[in-house]
>>> print(open('structure_2.cif').read())   # mmCIF, C-alpha atoms
data_structure
#
loop_
_atom_site.group_PDB
_atom_site.id
_atom_site.type_symbol
_atom_site.label_atom_id
_atom_site.label_comp_id
_atom_site.auth_asym_id
_atom_site.auth_seq_id
_atom_site.Cartn_x
_atom_site.Cartn_y
_atom_site.Cartn_z
ATOM 1 C CA MET A 1 81.292 85.118 122.937
ATOM 2 C CA ILE A 2 84.980 84.806 123.841
ATOM 3 C CA TYR A 3 87.660 86.674 121.897
ATOM 4 C CA GLN A 4 91.416 86.214 121.778
ATOM 5 C CA ILE A 5 93.191 89.500 121.030
ATOM 6 C CA SER A 6 96.776 90.248 120.052
ATOM 7 C CA HIS A 7 97.966 93.842 119.647
ATOM 8 C CA ARG A 8 101.569 94.315 118.451
ATOM 9 C CA THR A 9 103.296 97.697 118.227
ATOM 10 C CA LEU A 10 106.796 98.008 116.758
ATOM 11 C CA TYR A 11 108.895 101.178 116.701
ATOM 12 C CA SER A 12 111.983 101.034 114.449
ATOM 13 C CA TYR A 13 114.572 103.815 114.720
ATOM 14 C CA ASP A 14 116.918 105.187 112.035
ATOM 15 C CA SER A 15 119.619 105.504 114.687
ATOM 16 C CA PRO A 16 119.808 103.856 118.114
ATOM 17 C CA VAL A 17 117.697 105.235 120.947
ATOM 18 C CA THR A 18 119.195 105.421 124.431
ATOM 19 C CA VAL A 19 116.124 106.004 126.647
ATOM 20 C CA ALA A 20 112.404 105.357 126.194
ATOM 21 C CA HIS A 21 109.643 106.166 128.689
ATOM 22 C CA TYR A 22 106.124 105.013 127.778
ATOM 23 C CA ILE A 23 102.602 104.495 129.101
ATOM 24 C CA ALA A 24 100.508 101.659 127.639
ATOM 25 C CA ARG A 25 96.710 101.459 127.790
ATOM 26 C CA LEU A 26 96.072 98.040 126.309
ATOM 27 C CA GLN A 27 94.109 96.030 128.878
ATOM 28 C CA PRO A 28 90.365 95.646 128.144
ATOM 29 C CA ARG A 29 88.145 97.025 130.891
ATOM 30 C CA GLN A 30 86.033 95.017 133.302
ATOM 31 C CA LEU A 31 82.393 95.942 132.640
ATOM 32 C CA PRO A 32 78.953 94.465 133.415
ATOM 33 C CA THR A 33 78.859 93.073 129.860
ATOM 34 C CA GLN A 34 82.598 92.424 129.438
ATOM 35 C CA SER A 35 85.253 90.559 131.413
ATOM 36 C CA CYS A 36 88.966 90.092 130.810
ATOM 37 C CA PRO A 37 90.062 86.956 132.680
ATOM 38 C CA TRP A 38 93.602 86.999 131.233
ATOM 39 C CA HIS A 39 95.922 89.724 129.945
ATOM 40 C CA GLU A 40 99.682 90.061 129.488
ATOM 41 C CA VAL A 41 102.092 92.583 127.975
ATOM 42 C CA HIS A 42 105.519 91.642 126.589
ATOM 43 C CA ILE A 43 108.065 94.404 125.993
ATOM 44 C CA ARG A 44 111.330 94.090 124.070
ATOM 45 C CA PRO A 45 113.964 95.180 125.103
ATOM 46 C CA GLU A 46 113.174 94.235 128.676
ATOM 47 C CA PRO A 47 112.322 97.394 130.663
ATOM 48 C CA GLY A 48 114.570 98.415 133.516
ATOM 49 C CA CYS A 49 111.519 99.779 135.308
ATOM 50 C CA ARG A 50 107.915 98.681 134.935
ATOM 51 C CA SER A 51 104.883 99.722 136.976
ATOM 52 C CA THR A 52 101.573 97.830 136.773
ATOM 53 C CA GLY A 53 98.259 97.827 138.600
ATOM 54 C CA ARG A 54 97.626 101.530 138.123
ATOM 55 C CA THR A 55 94.596 103.300 136.685
ATOM 56 C CA ASP A 56 94.302 106.747 135.162
ATOM 57 C CA ALA A 57 91.732 109.446 135.929
ATOM 58 C CA PHE A 58 89.088 107.615 133.877
ATOM 59 C CA GLY A 59 89.644 104.174 135.415
ATOM 60 C CA ASN A 60 91.634 102.748 132.499
ATOM 61 C CA THR A 61 94.426 100.324 133.381
ATOM 62 C CA VAL A 62 97.878 101.731 132.571
ATOM 63 C CA VAL A 63 101.356 100.202 132.456
ATOM 64 C CA TYR A 64 104.332 102.543 132.770
ATOM 65 C CA PHE A 65 107.737 101.327 131.645
ATOM 66 C CA GLU A 66 111.271 102.617 131.022
ATOM 67 C CA VAL A 67 113.817 101.148 128.634
ATOM 68 C CA GLU A 68 117.330 102.485 129.282
ATOM 69 C CA GLY A 69 120.190 101.396 127.085
ATOM 70 C CA THR A 70 120.854 101.588 123.375
ATOM 71 C CA HIS A 71 118.220 99.885 121.216
ATOM 72 C CA ALA A 72 117.174 100.081 117.550
ATOM 73 C CA GLU A 73 113.619 98.740 118.029
ATOM 74 C CA LEU A 74 110.911 98.803 120.667
ATOM 75 C CA GLU A 75 108.249 96.106 120.532
ATOM 76 C CA VAL A 76 105.153 95.953 122.737
ATOM 77 C CA VAL A 77 102.827 92.957 122.401
ATOM 78 C CA ALA A 78 99.594 92.773 124.411
ATOM 79 C CA ARG A 79 97.499 89.609 124.507
ATOM 80 C CA SER A 80 94.087 89.197 126.097
ATOM 81 C CA PHE A 81 91.092 86.926 126.431
ATOM 82 C CA VAL A 82 87.774 88.786 126.620
ATOM 83 C CA ARG A 83 84.263 87.473 127.229
ATOM 84 C CA LEU A 84 81.336 89.579 125.980
ATOM 85 C CA ILE A 85 77.709 89.366 127.067
ATOM 86 C CA PRO A 86 75.274 90.989 124.605
ATOM 87 C CA ARG A 87 73.670 94.110 126.037
ATOM 88 C CA SER A 88 69.972 94.827 125.690
ATOM 89 C CA LEU A 89 69.134 98.404 124.730
ATOM 90 C CA PRO A 90 66.066 100.474 125.573
ATOM 91 C CA ASP A 91 63.509 101.420 122.968
ATOM 92 C CA PRO A 92 64.823 104.775 121.686
ATOM 93 C CA ALA A 93 61.318 106.248 121.894
ATOM 94 C CA ASP A 94 61.199 105.429 125.631
ATOM 95 C CA THR A 95 64.338 107.421 126.521
ATOM 96 C CA PRO A 96 63.968 110.899 128.063
ATOM 97 C CA PRO A 97 63.846 114.087 125.989
ATOM 98 C CA TRP A 98 67.359 115.216 125.249
ATOM 99 C CA GLU A 99 66.759 118.589 126.950
ATOM 100 C CA SER A 100 66.082 116.838 130.256
ATOM 101 C CA ILE A 101 69.480 115.131 130.063
ATOM 102 C CA ARG A 102 71.141 118.462 129.283
ATOM 103 C CA ASP A 103 69.376 120.195 132.172
ATOM 104 C CA ALA A 104 70.116 117.397 134.678
ATOM 105 C CA CYS A 105 73.818 117.693 133.857
ATOM 106 C CA ARG A 106 73.688 121.424 134.702
ATOM 107 C CA SER A 107 72.275 120.875 138.202
ATOM 108 C CA ASN A 108 74.171 122.162 141.245
ATOM 109 C CA GLU A 109 73.398 118.951 143.153
ATOM 110 C CA TRP A 110 75.521 115.836 142.799
ATOM 111 C CA SER A 111 73.979 113.015 140.742
ATOM 112 C CA ALA A 112 74.958 110.486 138.108
ATOM 113 C CA ALA A 113 74.152 113.163 135.520
ATOM 114 C CA THR A 114 76.446 115.785 137.064
ATOM 115 C CA ALA A 115 79.184 113.152 137.352
ATOM 116 C CA ALA A 116 78.786 112.443 133.634
ATOM 117 C CA ALA A 117 78.977 116.184 132.940
ATOM 118 C CA GLU A 118 82.794 116.103 132.995
ATOM 119 C CA PHE A 119 82.469 114.859 129.414
ATOM 120 C CA ILE A 120 80.610 117.962 128.194
ATOM 121 C CA SER A 121 83.409 120.529 128.281
ATOM 122 C CA PRO A 122 85.854 121.051 125.388
ATOM 123 C CA SER A 123 88.907 118.780 125.596
ATOM 124 C CA PRO A 124 92.469 118.949 124.198
ATOM 125 C CA LEU A 125 91.500 117.697 120.727
ATOM 126 C CA LEU A 126 87.857 118.821 120.696
ATOM 127 C CA PRO A 127 87.267 122.564 121.011
ATOM 128 C CA HIS A 128 83.789 123.990 120.603
ATOM 129 C CA LEU A 129 83.239 124.555 116.876
ATOM 130 C CA PRO A 130 80.165 126.492 115.685
ATOM 131 C CA GLU A 131 80.093 124.594 112.379
ATOM 132 C CA ILE A 132 79.786 121.242 114.167
ATOM 133 C CA ALA A 133 77.136 122.661 116.512
ATOM 134 C CA ALA A 134 75.139 123.771 113.461
ATOM 135 C CA PHE A 135 75.537 120.311 111.954
ATOM 136 C CA ALA A 136 74.251 118.653 115.158
ATOM 137 C CA ALA A 137 71.177 120.826 115.649
ATOM 138 C CA PRO A 138 68.791 119.191 113.103
ATOM 139 C CA SER A 139 69.008 115.864 114.977
ATOM 140 C CA PHE A 140 67.865 117.486 118.229
ATOM 141 C CA SER A 141 64.382 118.814 117.594
ATOM 142 C CA PRO A 142 62.470 119.992 120.699
ATOM 143 C CA GLY A 143 61.344 117.147 122.956
ATOM 144 C CA ARG A 144 62.948 114.395 120.887
ATOM 145 C CA PRO A 145 63.935 111.290 122.902
ATOM 146 C CA VAL A 146 67.682 111.389 123.449
ATOM 147 C CA LEU A 147 68.464 107.977 121.946
ATOM 148 C CA GLU A 148 66.400 108.766 118.849
ATOM 149 C CA ALA A 149 68.483 111.907 118.397
ATOM 150 C CA VAL A 150 71.748 110.003 118.943
ATOM 151 C CA LEU A 151 70.739 107.400 116.357
ATOM 152 C CA ASP A 152 69.855 110.104 113.859
ATOM 153 C CA LEU A 153 73.184 111.887 114.351
ATOM 154 C CA ASN A 154 75.002 108.550 114.129
ATOM 155 C CA ASN A 155 73.323 107.812 110.788
ATOM 156 C CA ARG A 156 73.956 111.292 109.385
ATOM 157 C CA ILE A 157 77.692 110.950 110.010
ATOM 158 C CA PHE A 158 77.691 107.466 108.480
ATOM 159 C CA THR A 159 75.866 108.569 105.335
ATOM 160 C CA GLY A 160 77.372 112.045 104.998
ATOM 161 C CA PHE A 161 81.057 111.249 105.538
ATOM 162 C CA GLN A 162 83.343 108.976 103.527
ATOM 163 C CA PHE A 163 85.664 106.421 105.119
ATOM 164 C CA ASP A 164 89.100 107.287 103.663
ATOM 165 C CA PRO A 165 92.281 106.194 105.504
ATOM 166 C CA ALA A 166 94.405 108.392 103.207
ATOM 167 C CA ALA A 167 92.517 111.592 104.040
ATOM 168 C CA THR A 168 93.647 112.080 107.633
ATOM 169 C CA SER A 169 96.228 111.074 110.220
ATOM 170 C CA ALA A 170 96.087 110.759 113.990
ATOM 171 C CA ALA A 171 97.128 114.421 114.188
ATOM 172 C CA THR A 172 94.434 115.817 111.860
ATOM 173 C CA PRO A 173 92.318 118.435 113.712
ATOM 174 C CA VAL A 174 88.617 117.673 114.011
ATOM 175 C CA ALA A 175 87.805 120.879 112.126
ATOM 176 C CA GLU A 176 89.754 119.618 109.124
ATOM 177 C CA SER A 177 88.202 116.142 109.031
ATOM 178 C CA PHE A 178 84.765 117.757 109.396
ATOM 179 C CA ARG A 179 85.501 120.150 106.500
ATOM 180 C CA GLN A 180 86.679 117.303 104.277
ATOM 181 C CA ARG A 181 83.728 115.083 105.222
ATOM 182 C CA ARG A 182 86.080 112.103 105.219
ATOM 183 C CA GLY A 183 88.426 110.223 107.528
ATOM 184 C CA VAL A 184 88.515 107.111 109.721
ATOM 185 C CA CYS A 185 86.856 105.898 112.913
ATOM 186 C CA GLN A 186 88.873 108.276 115.110
ATOM 187 C CA ASP A 187 87.703 111.257 113.043
ATOM 188 C CA PHE A 188 84.060 110.184 113.001
ATOM 189 C CA ALA A 189 84.077 109.556 116.764
ATOM 190 C CA HIS A 190 85.610 112.989 117.384
ATOM 191 C CA ILE A 191 83.036 114.697 115.153
ATOM 192 C CA MET A 192 80.129 112.953 116.879
ATOM 193 C CA ILE A 193 81.473 113.732 120.357
ATOM 194 C CA ALA A 194 81.928 117.399 119.465
ATOM 195 C CA ALA A 195 78.378 117.448 118.070
ATOM 196 C CA LEU A 196 76.842 115.891 121.197
ATOM 197 C CA ARG A 197 78.760 118.210 123.517
ATOM 198 C CA SER A 198 77.597 121.212 121.514
ATOM 199 C CA MET A 199 74.049 120.230 122.556
ATOM 200 C CA GLY A 200 75.068 120.010 126.221
ATOM 201 C CA LEU A 201 75.157 116.194 126.293
ATOM 202 C CA PRO A 202 78.004 114.191 127.887
ATOM 203 C CA ALA A 203 79.947 112.150 125.342
ATOM 204 C CA ARG A 204 83.187 110.214 125.692
ATOM 205 C CA TYR A 205 85.680 108.675 123.277
ATOM 206 C CA VAL A 206 85.855 104.865 123.457
ATOM 207 C CA SER A 207 88.857 102.898 122.218
ATOM 208 C CA GLY A 208 88.825 99.168 121.604
ATOM 209 C CA TYR A 209 88.547 96.463 118.983
ATOM 210 C CA LEU A 210 86.073 95.131 116.453
ATOM 211 C CA GLU A 211 86.605 91.832 114.701
ATOM 212 C CA THR A 212 87.054 92.207 110.937
ATOM 213 C CA LEU A 213 85.238 89.474 109.028
ATOM 214 C CA PRO A 214 86.726 88.358 105.671
ATOM 215 C CA PRO A 215 84.652 88.225 102.475
ATOM 216 C CA PRO A 216 82.646 84.992 102.042
ATOM 217 C CA GLY A 217 84.854 82.096 100.994
ATOM 218 C CA GLN A 218 88.106 83.787 102.003
ATOM 219 C CA GLU A 219 90.299 83.081 105.011
ATOM 220 C CA LYS A 220 90.855 85.684 107.694
ATOM 221 C CA LEU A 221 94.216 87.427 107.239
ATOM 222 C CA VAL A 222 96.574 87.637 110.204
ATOM 223 C CA GLY A 223 96.937 91.272 111.266
ATOM 224 C CA ALA A 224 93.888 92.394 109.278
ATOM 225 C CA ASP A 225 92.044 93.705 112.337
ATOM 226 C CA ALA A 226 92.731 97.098 113.853
ATOM 227 C CA SER A 227 92.030 99.277 116.828
ATOM 228 C CA HIS A 228 88.606 100.862 116.612
ATOM 229 C CA ALA A 229 87.001 103.968 118.073
ATOM 230 C CA TRP A 230 83.417 104.867 118.819
ATOM 231 C CA VAL A 231 81.330 107.077 121.101
ATOM 232 C CA SER A 232 79.444 106.704 124.368
ATOM 233 C CA CYS A 233 76.659 109.139 125.279
ATOM 234 C CA TRP A 234 74.979 109.617 128.658
ATOM 235 C CA CYS A 235 71.267 108.897 128.112
ATOM 236 C CA GLY A 236 69.867 109.311 131.620
ATOM 237 C CA ASP A 237 69.730 107.418 134.897
ATOM 238 C CA ALA A 238 67.734 104.482 133.513
ATOM 239 C CA ALA A 239 69.691 103.910 130.286
ATOM 240 C CA GLY A 240 73.105 105.083 131.503
ATOM 241 C CA TRP A 241 75.940 105.277 128.978
ATOM 242 C CA ILE A 242 75.005 103.949 125.534
ATOM 243 C CA ASP A 243 77.624 103.363 122.852
ATOM 244 C CA ALA A 244 77.214 104.477 119.239
ATOM 245 C CA ASP A 245 79.463 103.616 116.300
ATOM 246 C CA PRO A 246 79.171 106.247 113.538
ATOM 247 C CA THR A 247 81.697 104.409 111.346
ATOM 248 C CA ASN A 248 79.292 101.459 111.045
ATOM 249 C CA ASP A 249 75.947 103.156 111.821
ATOM 250 C CA LEU A 250 75.011 100.943 114.758
ATOM 251 C CA LEU A 251 74.718 100.776 118.521
ATOM 252 C CA PRO A 252 77.288 98.233 119.776
ATOM 253 C CA THR A 253 75.747 95.372 121.728
ATOM 254 C CA GLY A 254 78.038 92.345 121.462
ATOM 255 C CA ARG A 255 81.047 92.576 119.107
ATOM 256 C CA HIS A 256 82.813 95.747 120.254
ATOM 257 C CA ILE A 257 85.560 95.134 122.798
ATOM 258 C CA THR A 258 86.203 98.122 125.060
ATOM 259 C CA VAL A 259 89.773 98.885 126.141
ATOM 260 C CA GLY A 260 89.122 102.283 127.672
ATOM 261 C CA TRP A 261 87.610 105.736 127.375
ATOM 262 C CA GLY A 262 88.455 109.385 127.837
ATOM 263 C CA ARG A 263 87.568 112.870 126.670
ATOM 264 C CA ASP A 264 89.187 112.287 123.268
ATOM 265 C CA PHE A 265 91.944 110.205 121.655
ATOM 266 C CA SER A 266 94.687 112.002 123.599
ATOM 267 C CA ASP A 267 93.376 110.429 126.841
ATOM 268 C CA ILE A 268 93.316 106.841 125.583
ATOM 269 C CA SER A 269 96.087 106.382 123.005
ATOM 270 C CA PRO A 270 97.252 102.739 123.259
ATOM 271 C CA LEU A 271 100.909 103.765 123.618
ATOM 272 C CA THR A 272 102.273 107.216 124.465
ATOM 273 C CA GLY A 273 105.685 108.352 125.572
ATOM 274 C CA VAL A 274 109.060 109.803 124.626
ATOM 275 C CA SER A 275 112.331 108.392 123.362
ATOM 276 C CA ILE A 276 115.746 110.049 123.290
ATOM 277 C CA GLY A 277 117.819 109.681 120.141
ATOM 278 C CA SER A 278 118.395 111.175 116.718
ATOM 279 C CA GLY A 279 116.818 110.381 113.368
ATOM 280 C CA ARG A 280 113.315 109.301 112.456
ATOM 281 C CA GLN A 281 111.170 106.423 113.658
ATOM 282 C CA THR A 282 108.693 104.201 111.855
ATOM 283 C CA LEU A 283 105.649 102.623 113.452
ATOM 284 C CA GLN A 284 104.010 99.299 112.629
ATOM 285 C CA VAL A 285 100.831 98.108 114.335
ATOM 286 C CA GLY A 286 99.184 94.716 113.910
ATOM 287 C CA VAL A 287 95.971 93.596 115.602
ATOM 288 C CA ASP A 288 94.306 90.182 115.555
ATOM 289 C CA VAL A 289 90.840 89.572 117.023
ATOM 290 C CA MET A 290 89.769 85.954 116.911
ATOM 291 C CA ALA A 291 86.400 84.635 118.053
ATOM 292 C CA LEU A 292 86.645 81.388 120.055
ATOM 293 C CA GLU A 293 84.090 78.768 120.951
ATOM 294 C CA GLU A 294 82.628 79.048 124.457
#
>>> encode(input="structure_2.cif", output="structure tokens")
Amino acid sequence: MIYQISHRTLYSYDSPVTVAHYIARLQPRQLPTQSCPWHEVHIRPEPGCRSTGRTDAFGNTVVYFEVEGTHAELEVVARSFVRLIPRSLPDPADTPPWESIRDACRSNEWSAATAAAEFISPSPLLPHLPEIAAFAAPSFSPGRPVLEAVLDLNNRIFTGFQFDPAATSAATPVAESFRQRRGVCQDFAHIMIAALRSMGLPARYVSGYLETLPPPGQEKLVGADASHAWVSCWCGDAAGWIDADPTNDLLPTGRHITVGWGRDFSDISPLTGVSIGSGRQTLQVGVDVMALEE
């Protein structure tokens, strides 16, 4: 399947801004099951300095830009074409016991498991929380195949937490969203990552897109799609990294478009930076994901 993606971000300022320095992470990654043959980013006002072709510590493509000069708005529009190839997944019962994954990641010898282990430690937005560790434990009975345990945890978050965009913001701590048992995809991904790490399993935060389908008989609304977040867990040398989407209770295989990954949202925010000026700013984000014929 081929997708056409448009991601528009607009900052509007109460009073003019004189300088803005930003980093954008908006280009979908090149993966064995995903290619991005075309991508462009338009920025208004035109940046005085713009650096492309760089990657961050996790291999995500970044664009750094500077806008110097008085401006009342900053608009960043990214457009991409992405081709997805459905991924086949292993039988969960055939994956290794979760303890063997945990133990392999603790080895003193270099391996794919010890490389994945960088995603076990607490990260800026995800400290170790005993209450989340206690929540995770029932999914990880002794000897249980790792993917079975991941699926069970994925389902427990889906059924036990309520999707509520009004309950949290991007700044809500994971402890608070866990206490409320409600939030959005970012919250559910953070909770699941914290739970997996509490069991000694590598887990990373994945940012991307998922096409929103309209109700039967209705037309798709422009701007109705949104950025999405899910989880990727290391499941051993044979299975590698396997994605899980606790917001939708599924393992992504062909409709999730990956932009990038990191330890948590702070590593992979689509647009981060600083602006110099006085007054408040408002943010508008619009995303369109359109499926095209091959």
>>> residues_near_point(input="structure_2.cif", point="(82.3, 116.7, 120.3)", cutoff="8 Å", atoms="all atoms listed in the file", output="list of chain:residue names")
A:Pro122, A:Leu126, A:Pro127, A:His128, A:His190, A:Ile191, A:Met192, A:Ile193, A:Ala194, A:Ala195, A:Leu196, A:Arg197, A:Ser198, A:Ala203
>>> resolve_selection(input="structure_2.cif", expression="the PyMOL selection byres ((chain A and resi 123) around 10)", output="ChimeraX atom specification")
/A:118-122,124-128,194,262-267
>>> resolve_selection(input="structure_2.cif", expression="the PyMOL selection byres ((chain A and resi 178-181) around 9)", output="ChimeraX atom specification")
/A:131-132,157,160-163,167,173-177,182-183,187-188,191
>>> atom_distance(input="structure_2.cif", atom1="CA of Gln27 (chain A)", atom2="CA of Asn154 (chain A)")
27.2 Å
>>> residues_around(input="structure_2.cif", residues="Arg54 (chain A)", least_positions_apart="6", cutoff="9 Å", atoms="all atoms listed in the file", output="PyMOL selection string")
chain A and resi 60-64
>>> closest_residue(input="structure_2.cif", among="A:Asn108, A:Ser35, A:Ser269, A:Gln30", to="Arg83 (chain A)", atoms="all atoms listed in the file")
A:Ser35
>>> residues_around(input="structure_2.cif", residues="Cys49 (chain A)", least_positions_apart="2", cutoff="12 Å", atoms="all atoms listed in the file", output="list of chain:residue names")
A:Val19, A:Ala20, A:His21, A:Tyr22, A:Ile23, A:Ile43, A:Pro45, A:Glu46, A:Pro47, A:Ser51, A:Thr52, A:Val63, A:Tyr64, A:Phe65, A:Glu66, A:Val67, A:Glu68
>>> decode(input="structure_2.cif", residues="region 48-78 of chain A", atoms="N, CA and C atoms", output="mmCIF file, in the first residue's frame")
data_model
loop_
_atom_site.group_PDB
_atom_site.id
_atom_site.type_symbol
_atom_site.label_atom_id
_atom_site.label_comp_id
_atom_site.auth_asym_id
_atom_site.auth_seq_id
_atom_site.Cartn_x
_atom_site.Cartn_y
_atom_site.Cartn_z
ATOM 1 N N GLY A 48 16.793 31.355 7.626
ATOM 2 C CA GLY A 48 18.085 31.887 7.230
ATOM 3 C C GLY A 48 19.146 30.814 7.222
ATOM 4 N N CYS A 49 18.931 29.785 8.028
ATOM 5 C CA CYS A 49 19.867 28.657 8.109
ATOM 6 C C CYS A 49 19.050 27.380 8.179
ATOM 7 N N ARG A 50 19.459 26.390 7.414
ATOM 8 C CA ARG A 50 18.745 25.112 7.398
ATOM 9 C C ARG A 50 19.745 24.001 7.149
ATOM 10 N N SER A 51 19.718 22.973 7.999
ATOM 11 C CA SER A 51 20.655 21.864 7.890
ATOM 12 C C SER A 51 19.875 20.574 7.717
ATOM 13 N N THR A 52 20.167 19.820 6.651
ATOM 14 C CA THR A 52 19.465 18.575 6.358
ATOM 15 C C THR A 52 20.462 17.429 6.266
ATOM 16 N N GLY A 53 19.938 16.228 6.131
ATOM 17 C CA GLY A 53 20.799 15.058 5.950
ATOM 18 C C GLY A 53 21.424 14.544 7.226
ATOM 19 N N ARG A 54 20.952 15.014 8.369
ATOM 20 C CA ARG A 54 21.499 14.550 9.636
ATOM 21 C C ARG A 54 20.593 13.500 10.266
ATOM 22 N N THR A 55 21.171 12.699 11.158
ATOM 23 C CA THR A 55 20.389 11.755 11.946
ATOM 24 C C THR A 55 20.744 11.956 13.418
ATOM 25 N N ASP A 56 19.801 11.610 14.283
ATOM 26 C CA ASP A 56 20.063 11.712 15.711
ATOM 27 C C ASP A 56 20.648 10.409 16.226
ATOM 28 N N ALA A 57 20.739 10.277 17.549
ATOM 29 C CA ALA A 57 21.378 9.109 18.156
ATOM 30 C C ALA A 57 20.633 7.813 17.877
ATOM 31 N N PHE A 58 19.356 7.905 17.491
ATOM 32 C CA PHE A 58 18.550 6.716 17.245
ATOM 33 C C PHE A 58 18.334 6.454 15.756
ATOM 34 N N GLY A 59 19.020 7.227 14.904
ATOM 35 C CA GLY A 59 18.922 7.017 13.465
ATOM 36 C C GLY A 59 17.755 7.712 12.806
ATOM 37 N N ASN A 60 17.045 8.575 13.541
ATOM 38 C CA ASN A 60 15.946 9.336 12.953
ATOM 39 C C ASN A 60 16.482 10.529 12.167
ATOM 40 N N THR A 61 15.876 10.807 11.026
ATOM 41 C CA THR A 61 16.293 11.955 10.220
ATOM 42 C C THR A 61 15.821 13.245 10.883
ATOM 43 N N VAL A 62 16.731 14.229 10.988
ATOM 44 C CA VAL A 62 16.390 15.504 11.615
ATOM 45 C C VAL A 62 16.721 16.649 10.660
ATOM 46 N N VAL A 63 15.929 17.703 10.744
ATOM 47 C CA VAL A 63 16.175 18.943 10.012
ATOM 48 C C VAL A 63 16.273 20.058 11.043
ATOM 49 N N TYR A 64 17.399 20.745 11.050
ATOM 50 C CA TYR A 64 17.579 21.893 11.951
ATOM 51 C C TYR A 64 17.420 23.170 11.145
ATOM 52 N N PHE A 65 16.664 24.133 11.698
ATOM 53 C CA PHE A 65 16.512 25.393 10.975
ATOM 54 C C PHE A 65 16.421 26.574 11.935
ATOM 55 N N GLU A 66 16.804 27.750 11.434
ATOM 56 C CA GLU A 66 16.755 28.997 12.194
ATOM 57 C C GLU A 66 15.990 30.033 11.389
ATOM 58 N N VAL A 67 15.043 30.682 12.043
ATOM 59 C CA VAL A 67 14.323 31.801 11.439
ATOM 60 C C VAL A 67 14.681 33.046 12.241
ATOM 61 N N GLU A 68 15.359 33.985 11.621
ATOM 62 C CA GLU A 68 15.771 35.225 12.290
ATOM 63 C C GLU A 68 15.112 36.391 11.589
ATOM 64 N N GLY A 69 14.456 37.225 12.371
ATOM 65 C CA GLY A 69 13.679 38.321 11.814
ATOM 66 C C GLY A 69 12.270 38.260 12.374
ATOM 67 N N THR A 70 11.655 39.384 12.536
ATOM 68 C CA THR A 70 10.340 39.452 13.163
ATOM 69 C C THR A 70 9.293 38.682 12.359
ATOM 70 N N HIS A 71 8.537 37.817 13.054
ATOM 71 C CA HIS A 71 7.456 37.084 12.406
ATOM 72 C C HIS A 71 6.367 36.787 13.438
ATOM 73 N N ALA A 72 5.132 36.744 12.969
ATOM 74 C CA ALA A 72 3.965 36.512 13.840
ATOM 75 C C ALA A 72 3.481 35.073 13.773
ATOM 76 N N GLU A 73 3.946 34.307 12.775
ATOM 77 C CA GLU A 73 3.568 32.904 12.621
ATOM 78 C C GLU A 73 4.769 32.104 12.152
ATOM 79 N N LEU A 74 4.763 30.828 12.496
ATOM 80 C CA LEU A 74 5.752 29.886 11.977
ATOM 81 C C LEU A 74 4.991 28.662 11.492
ATOM 82 N N GLU A 75 5.137 28.354 10.213
ATOM 83 C CA GLU A 75 4.434 27.219 9.626
ATOM 84 C C GLU A 75 5.447 26.218 9.086
ATOM 85 N N VAL A 76 5.254 24.952 9.442
ATOM 86 C CA VAL A 76 6.099 23.868 8.940
ATOM 87 C C VAL A 76 5.178 22.810 8.342
ATOM 88 N N VAL A 77 5.367 22.533 7.046
ATOM 89 C CA VAL A 77 4.532 21.555 6.353
ATOM 90 C C VAL A 77 5.446 20.468 5.779
ATOM 91 N N ALA A 78 5.231 19.236 6.226
ATOM 92 C CA ALA A 78 5.987 18.091 5.710
ATOM 93 C C ALA A 78 5.067 17.228 4.859
#
